[in-house]
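S.K.: Structure below; questions to follow.
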Amino acid sequence: MRTPEINRKRFELARRCVYVVIALAVIIPYFFNPKQEFKPMAEVVSVYEKIDAMKPGDQVLMAFDYDPSSEAELYPMSMALLRHCFKKGVIPVIVTHWFAGLGLFEKACNEAAEDANSMWGKKIVSGRDYALLGFRPGWTDLIVKIERDLKGAYETDYFKQPTRGMKALEGVNSLEDFELMIDLAAGATVEFWIAYGTDKSGTPMAAGTTAVSAPDLYPFYKSGQMIGFMGGLRGAADYEKLLKIPDRGERGMLAQSAAHIIIILLVLGANVHMFAKRLFGNKRD
Amino acid sequence: MFLKRTLPLLIVFTIGSLAFVHDFIPHPLSGEFRSEMASWMMIIGGFGMFLGVYSLMHMHITRIRQKMAGWGYSVFVFIGAVGMIATGVYGDIVGVSKDDIDLFDWGYKYIQVPCGATIFSILAFFVASAAFRTFRAKNMAAGLLLGAAVIVMFGRVPICEAVGGWVFNDRQAIVNVANAIMNYPNLAVKRGLLLGIGLAAIAQSVRVLFGVERTYLGGAD
């Protein structure tokens with residue numbers, strides 16, 4: 001007969017083994033960089049095609065609604081979208097409900113601008129080629145305000161430059177003046193943007209979320225309220241593949257494959273053990 | 001009584017009703033009213049942040065004073081908050097030249113970003129451990145859930161396309177099954193949940209609007 005103390009020790013040992021195996025599965029693939037063949041998902045392709053069909057000077061409203069805790073999944077998406085916009089001459093206008101992410105968004109804009117300079121020889125300037133408007137409180141009320149009066153909600157941008165007269169915001173007064181709205185969200189803001197923003201203004205909308213939130217977006221995608229979305233690191237990898245600029249998304253796919261396979265094997269193994277115990281009747285436990 | 005109960009209820013009913021009907025009134029005044037309300041709410045939201053900070057600080061001061069379990073972690077809340085506020089205000093008032101290290105940026109890049117990412121990444125370990133210990137096909141429903149989870153997990157990583165090609169001679173075979181699970185059973189459940197949440201939100205809003213739900217006034221009735 002096993003005592004509770006032995007069971008507790010077995011449980012602790014199993015847990016530590018799982019942790020070590022997962023850590024190895026995630027870390028080791030980063031030392032390799034094999035070319036992986038995969039077909040981008042349809043919901044990502046439609047977002048890519050929408051931006052790719054835009055004319056230089058068109059404006060896209062991007063809400064980066066995340067902070068450092070979701071950086072691993074949503075930052076690669078931000079980079080891919082910004083690079084695509086800069087490549088096409090499309091102007092991203094960035095707002096956020098999450099003030100803790102502002103440093104990341106500034107970094108993303110700077111990195112994408114440097115890439116545009118090195119890859120396509122384009123000199124990207126804040127206020128002309130993109131606008132980082134920053135944070136304002138209010139959640140749904142901020143969306144309502146943007147839907148009606150963007151420059152009223154943001155009288156200055158993140159760098160304290162006045163938005164009235166800003167080249168990047170020429171011809172833009174409210175949400176309906178944008179060609180597309182994209183929300184990269186770590187929380188529930190996608191639903192807010194749909195309900196209070198894009199459904200009213202009629203602006204096409206897309207989204208990017210962490211993998212765990214991606215299933216929540218299917219009703220909006222299938223009803224046509226969103227043109228497409230990116231789910232988790234795979235969504236970022238799909239976009240990078242379409243853009244033909246591999247980065248953290250594609251590089252992370254091997255680690256993600258390894259981690260998923262390990263988890264599947266662990267779950268299946270535990271179930272085989274359970275059925276074996278049932279069949280062969282180990283009554284000592 | 002009038003100031004504590006009747007007046008707040010009247011304000012809630014009036015503003016709530018106006019916010020509700022403005023969408024059905026196609027007049028510029030109606031739009032301007034909503035836009036003005038949104039501005040007010042954003043200002044109130046700003047003050048709400050102060051309230052949140054005060055509440056957080058109060059909770060952690062209490063933990064430190066009473067030496068509650070894990071009170072040492074609360075000290076780090078104050079170290080982090082004071083450090084970031086001080087460096088941020090200093091950088092804004094005095095200014096930091098491009099050659100100097102901006103301590104606020106340094107703290108953000110090298111402390112907040114890695115710490116935030118670390119906390120989130122720990123989730124992978126908990127998910128793996130919890131799935132291994134608890135995900136059992138003990139009955140038909142649990143078996144179906146397990147099967148769907150395995151297919152979707154596998155169908156969402158690139159290696160499944162190679163496996164699909166070897167086993168089924170179709171690289172998209174497993175992906176298509178995973179997509180079908182997401183597009184039909186998942187979609188149906190999510191729609192049901194959204195409709196339920198929406199109806200509950202309408203019911204709760206009506207209760208608040210007509211003063212049936214009054215807990216926001218501070219009492220339990």
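Residue names in the structure tokens use chain letters A, B, ... in the order shown, residue numbers from 1 in each chain, and ligand numbers from 1 in the order shown.
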Please list as a PDB file with N, CA, C and O atoms, in the first residue's frame every residue within 12 Å of Met166 in chain A, counting only C-alpha atoms and excluding residues in the same chain fewer than 5 positions away.

M.R.:
ATOM      1  N   VAL A  93      -1.323  53.883 -38.127  1.00  0.00           N
ATOM      2  CA  VAL A  93      -1.621  54.832 -37.041  1.00  0.00           C
ATOM      3  C   VAL A  93      -1.886  53.980 -35.802  1.00  0.00           C
ATOM      4  O   VAL A  93      -2.847  53.202 -35.779  1.00  0.00           O
ATOM      5  N   VAL A 125       9.775  58.217 -41.298  1.00  0.00           N
ATOM      6  CA  VAL A 125       9.772  59.308 -40.309  1.00  0.00           C
ATOM      7  C   VAL A 125       8.455  59.297 -39.531  1.00  0.00           C
ATOM      8  O   VAL A 125       7.374  59.167 -40.122  1.00  0.00           O
ATOM      9  N   SER A 126       8.588  59.444 -38.198  1.00  0.00           N
ATOM     10  CA  SER A 126       7.388  59.511 -37.349  1.00  0.00           C
ATOM     11  C   SER A 126       6.597  60.775 -37.673  1.00  0.00           C
ATOM     12  O   SER A 126       7.160  61.856 -37.836  1.00  0.00           O
ATOM     13  N   GLY A 127       5.287  60.636 -37.762  1.00  0.00           N
ATOM     14  CA  GLY A 127       4.439  61.792 -38.070  1.00  0.00           C
ATOM     15  C   GLY A 127       4.185  61.946 -39.561  1.00  0.00           C
ATOM     16  O   GLY A 127       3.248  62.638 -39.957  1.00  0.00           O
ATOM     17  N   ARG A 128       5.027  61.327 -40.374  1.00  0.00           N
ATOM     18  CA  ARG A 128       4.826  61.385 -41.820  1.00  0.00           C
ATOM     19  C   ARG A 128       4.484  59.998 -42.389  1.00  0.00           C
ATOM     20  O   ARG A 128       3.492  59.822 -43.081  1.00  0.00           O
ATOM     21  N   ASP A 129       5.318  59.007 -42.035  1.00  0.00           N
ATOM     22  CA  ASP A 129       5.112  57.654 -42.561  1.00  0.00           C
ATOM     23  C   ASP A 129       4.367  56.757 -41.575  1.00  0.00           C
ATOM     24  O   ASP A 129       3.909  55.674 -41.937  1.00  0.00           O
ATOM     25  N   TYR A 130       4.323  57.166 -40.331  1.00  0.00           N
ATOM     26  CA  TYR A 130       3.515  56.452 -39.326  1.00  0.00           C
ATOM     27  C   TYR A 130       3.208  57.418 -38.192  1.00  0.00           C
ATOM     28  O   TYR A 130       3.868  58.470 -38.069  1.00  0.00           O
ATOM     29  N   ALA A 131       2.198  57.065 -37.402  1.00  0.00           N
ATOM     30  CA  ALA A 131       1.872  57.883 -36.237  1.00  0.00           C
ATOM     31  C   ALA A 131       1.689  56.965 -35.039  1.00  0.00           C
ATOM     32  O   ALA A 131       0.865  56.046 -35.088  1.00  0.00           O
ATOM     33  N   LEU A 132       2.495  57.190 -34.012  1.00  0.00           N
ATOM     34  CA  LEU A 132       2.331  56.447 -32.756  1.00  0.00           C
ATOM     35  C   LEU A 132       1.585  57.377 -31.798  1.00  0.00           C
ATOM     36  O   LEU A 132       2.185  58.273 -31.204  1.00  0.00           O
ATOM     37  N   LEU A 133       0.274  57.179 -31.699  1.00  0.00           N
ATOM     38  CA  LEU A 133      -0.533  58.109 -30.909  1.00  0.00           C
ATOM     39  C   LEU A 133      -0.476  57.790 -29.420  1.00  0.00           C
ATOM     40  O   LEU A 133      -0.665  58.680 -28.594  1.00  0.00           O
ATOM     41  N   LYS A 151      -8.841  62.947 -33.680  1.00  0.00           N
ATOM     42  CA  LYS A 151      -7.938  64.014 -33.219  1.00  0.00           C
ATOM     43  C   LYS A 151      -8.438  64.672 -31.932  1.00  0.00           C
ATOM     44  O   LYS A 151      -7.660  65.330 -31.243  1.00  0.00           O
ATOM     45  N   TYR A 154      -7.016  62.175 -29.418  1.00  0.00           N
ATOM     46  CA  TYR A 154      -5.553  62.314 -29.364  1.00  0.00           C
ATOM     47  C   TYR A 154      -5.176  63.690 -29.912  1.00  0.00           C
ATOM     48  O   TYR A 154      -4.990  63.843 -31.112  1.00  0.00           O
ATOM     49  N   GLU A 155      -5.061  64.657 -29.024  1.00  0.00           N
ATOM     50  CA  GLU A 155      -4.664  65.993 -29.494  1.00  0.00           C
ATOM     51  C   GLU A 155      -3.169  66.039 -29.784  1.00  0.00           C
ATOM     52  O   GLU A 155      -2.714  66.858 -30.587  1.00  0.00           O
ATOM     53  N   THR A 156      -2.409  65.179 -29.084  1.00  0.00           N
ATOM     54  CA  THR A 156      -0.969  65.044 -29.377  1.00  0.00           C
ATOM     55  C   THR A 156      -0.643  63.561 -29.509  1.00  0.00           C
ATOM     56  O   THR A 156      -1.391  62.718 -29.024  1.00  0.00           O
ATOM     57  N   ASP A 157       0.493  63.279 -30.152  1.00  0.00           N
ATOM     58  CA  ASP A 157       0.890  61.868 -30.265  1.00  0.00           C
ATOM     59  C   ASP A 157       1.798  61.480 -29.088  1.00  0.00           C
ATOM     60  O   ASP A 157       1.979  62.258 -28.139  1.00  0.00           O
ATOM     61  N   LYS A 160       4.433  63.880 -28.125  1.00  0.00           N
ATOM     62  CA  LYS A 160       3.884  65.201 -27.770  1.00  0.00           C
ATOM     63  C   LYS A 160       3.803  66.146 -28.966  1.00  0.00           C
ATOM     64  O   LYS A 160       3.808  67.358 -28.812  1.00  0.00           O
ATOM     65  N   GLN A 161       3.727  65.597 -30.164  1.00  0.00           N
ATOM     66  CA  GLN A 161       3.535  66.420 -31.362  1.00  0.00           C
ATOM     67  C   GLN A 161       2.033  66.562 -31.630  1.00  0.00           C
ATOM     68  O   GLN A 161       1.297  65.574 -31.502  1.00  0.00           O
ATOM     69  N   GLY A 171      -6.461  63.769 -43.860  1.00  0.00           N
ATOM     70  CA  GLY A 171      -7.706  63.180 -44.383  1.00  0.00           C
ATOM     71  C   GLY A 171      -8.377  62.216 -43.431  1.00  0.00           C
ATOM     72  O   GLY A 171      -9.394  61.613 -43.768  1.00  0.00           O
ATOM     73  N   VAL A 172      -7.812  62.064 -42.240  1.00  0.00           N
ATOM     74  CA  VAL A 172      -8.396  61.135 -41.270  1.00  0.00           C
ATOM     75  C   VAL A 172      -9.024  61.920 -40.115  1.00  0.00           C
ATOM     76  O   VAL A 172      -8.337  62.677 -39.438  1.00  0.00           O
ATOM     77  N   ASN A 173     -10.308  61.760 -39.944  1.00  0.00           N
ATOM     78  CA  ASN A 173     -10.972  62.417 -38.817  1.00  0.00           C
ATOM     79  C   ASN A 173     -11.618  61.415 -37.869  1.00  0.00           C
ATOM     80  O   ASN A 173     -11.709  61.656 -36.678  1.00  0.00           O
TER      81      ASN A 173
END

S.K.: Mind listing as a VMD selection string which residues of chain A are within 7 Å of chain B, counting only C-alpha atoms?

M.R.: chain A and resid 15 18 to 19 22 37 to 38 68 to 72 137 to 138 141 to 142 144 to 145 148 215 to 216 218 to 219 253 256 to 257 260 263 to 264 266 to 267 270 to 271

S.K.: Could you take the residues named above and write them with C-alpha atoms, as an mmCIF file, in the first residue's frame?

M.R.:
data_model
loop_
_atom_site.group_PDB
_atom_site.id
_atom_site.type_symbol
_atom_site.label_atom_id
_atom_site.label_comp_id
_atom_site.auth_asym_id
_atom_site.auth_seq_id
_atom_site.Cartn_x
_atom_site.Cartn_y
_atom_site.Cartn_z
ATOM 1 C CA ARG A 15 5.954 17.358 -12.424
ATOM 2 C CA VAL A 18 7.556 17.324 -17.328
ATOM 3 C CA TYR A 19 9.071 20.766 -16.694
ATOM 4 C CA ILE A 22 9.224 20.999 -21.925
ATOM 5 C CA GLU A 37 7.335 24.047 -45.172
ATOM 6 C CA PHE A 38 3.856 25.084 -44.157
ATOM 7 C CA PRO A 68 5.326 42.695 -22.214
ATOM 8 C CA SER A 69 3.627 39.554 -20.885
ATOM 9 C CA SER A 70 2.239 38.803 -24.376
ATOM 10 C CA GLU A 71 5.314 40.049 -26.199
ATOM 11 C CA ALA A 72 6.355 36.555 -27.354
ATOM 12 C CA PRO A 137 -7.773 55.792 -20.739
ATOM 13 C CA GLY A 138 -11.418 54.955 -21.321
ATOM 14 C CA ASP A 141 -15.249 55.194 -24.544
ATOM 15 C CA LEU A 142 -11.891 55.679 -26.207
ATOM 16 C CA VAL A 144 -16.393 55.566 -29.272
ATOM 17 C CA LYS A 145 -14.326 58.770 -29.312
ATOM 18 C CA ARG A 148 -16.236 59.887 -34.119
ATOM 19 C CA PRO A 215 -10.911 30.326 -30.905
ATOM 20 C CA ASP A 216 -12.997 33.258 -29.598
ATOM 21 C CA TYR A 218 -14.186 32.467 -35.197
ATOM 22 C CA PRO A 219 -17.782 33.744 -34.746
ATOM 23 C CA MET A 253 7.716 27.133 -35.193
ATOM 24 C CA GLN A 256 6.277 25.092 -30.948
ATOM 25 C CA SER A 257 6.110 21.842 -32.935
ATOM 26 C CA HIS A 260 3.057 20.440 -28.879
ATOM 27 C CA ILE A 263 2.466 17.562 -24.619
ATOM 28 C CA ILE A 264 0.473 15.237 -26.921
ATOM 29 C CA LEU A 266 2.574 13.035 -22.373
ATOM 30 C CA VAL A 267 -1.238 13.140 -22.482
ATOM 31 C CA ALA A 270 -0.860 9.040 -19.290
ATOM 32 C CA ASN A 271 -4.075 7.742 -20.888
#

S.K.: Write out as a PyMOL selection string all residues of range 25-210 of chain B that backbone DSSP assigns to alpha helix (DSSP H).

M.R.: chain B and resi 28-65+71-93+103-107+113-134+140-155+159-168+173-181+187-209

S.K.: Any idea what's packed within 12 Å of Lys122 in chain A, counting only C-alpha atoms, ignoring anything in its chain fewer than 5 positions away? Could you give it as a PDB file with N, CA and C atoms, in the first residue's frame?

M.R.:
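Full text of around.pdb as output:
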ATOM      1  N   ARG A  83       6.300  46.155 -40.983  1.00  0.00           N
ATOM      2  CA  ARG A  83       7.192  45.993 -42.148  1.00  0.00           C
ATOM      3  C   ARG A  83       6.398  46.000 -43.451  1.00  0.00           C
ATOM      4  N   CYS A  85       3.456  47.364 -43.992  1.00  0.00           N
ATOM      5  CA  CYS A  85       2.957  48.725 -44.243  1.00  0.00           C
ATOM      6  C   CYS A  85       4.066  49.608 -44.809  1.00  0.00           C
ATOM      7  N   PHE A  86       5.242  49.572 -44.175  1.00  0.00           N
ATOM      8  CA  PHE A  86       6.347  50.424 -44.629  1.00  0.00           C
ATOM      9  C   PHE A  86       6.794  50.032 -46.038  1.00  0.00           C
ATOM     10  N   LYS A  87       6.753  48.735 -46.314  1.00  0.00           N
ATOM     11  CA  LYS A  87       7.140  48.257 -47.647  1.00  0.00           C
ATOM     12  C   LYS A  87       6.183  48.817 -48.711  1.00  0.00           C
ATOM     13  N   LYS A  88       4.881  48.818 -48.385  1.00  0.00           N
ATOM     14  CA  LYS A  88       3.863  49.252 -49.351  1.00  0.00           C
ATOM     15  C   LYS A  88       3.636  50.767 -49.346  1.00  0.00           C
ATOM     16  N   GLY A  89       4.209  51.456 -48.359  1.00  0.00           N
ATOM     17  CA  GLY A  89       3.952  52.896 -48.256  1.00  0.00           C
ATOM     18  C   GLY A  89       2.629  53.200 -47.574  1.00  0.00           C
ATOM     19  N   ALA A 112      11.198  48.432 -37.258  1.00  0.00           N
ATOM     20  CA  ALA A 112      10.607  48.279 -38.593  1.00  0.00           C
ATOM     21  C   ALA A 112      11.080  49.399 -39.516  1.00  0.00           C
ATOM     22  N   ALA A 113      11.262  50.615 -38.958  1.00  0.00           N
ATOM     23  CA  ALA A 113      11.759  51.739 -39.768  1.00  0.00           C
ATOM     24  C   ALA A 113      13.199  51.471 -40.215  1.00  0.00           C
ATOM     25  N   GLU A 114      14.013  50.933 -39.303  1.00  0.00           N
ATOM     26  CA  GLU A 114      15.401  50.588 -39.666  1.00  0.00           C
ATOM     27  C   GLU A 114      15.425  49.514 -40.751  1.00  0.00           C
ATOM     28  N   ASP A 115      14.535  48.512 -40.614  1.00  0.00           N
ATOM     29  CA  ASP A 115      14.446  47.441 -41.622  1.00  0.00           C
ATOM     30  C   ASP A 115      14.048  48.010 -42.986  1.00  0.00           C
ATOM     31  N   ALA A 116      13.082  48.950 -42.966  1.00  0.00           N
ATOM     32  CA  ALA A 116      12.628  49.549 -44.229  1.00  0.00           C
ATOM     33  C   ALA A 116      13.775  50.289 -44.901  1.00  0.00           C
ATOM     34  N   ASN A 117      14.617  50.892 -44.067  1.00  0.00           N
ATOM     35  CA  ASN A 117      15.764  51.629 -44.605  1.00  0.00           C
ATOM     36  C   ASN A 117      16.785  50.664 -45.209  1.00  0.00           C
ATOM     37  N   ASP A 129       5.318  59.007 -42.035  1.00  0.00           N
ATOM     38  CA  ASP A 129       5.112  57.654 -42.561  1.00  0.00           C
ATOM     39  C   ASP A 129       4.367  56.757 -41.575  1.00  0.00           C
TER      40      ASP A 129
END
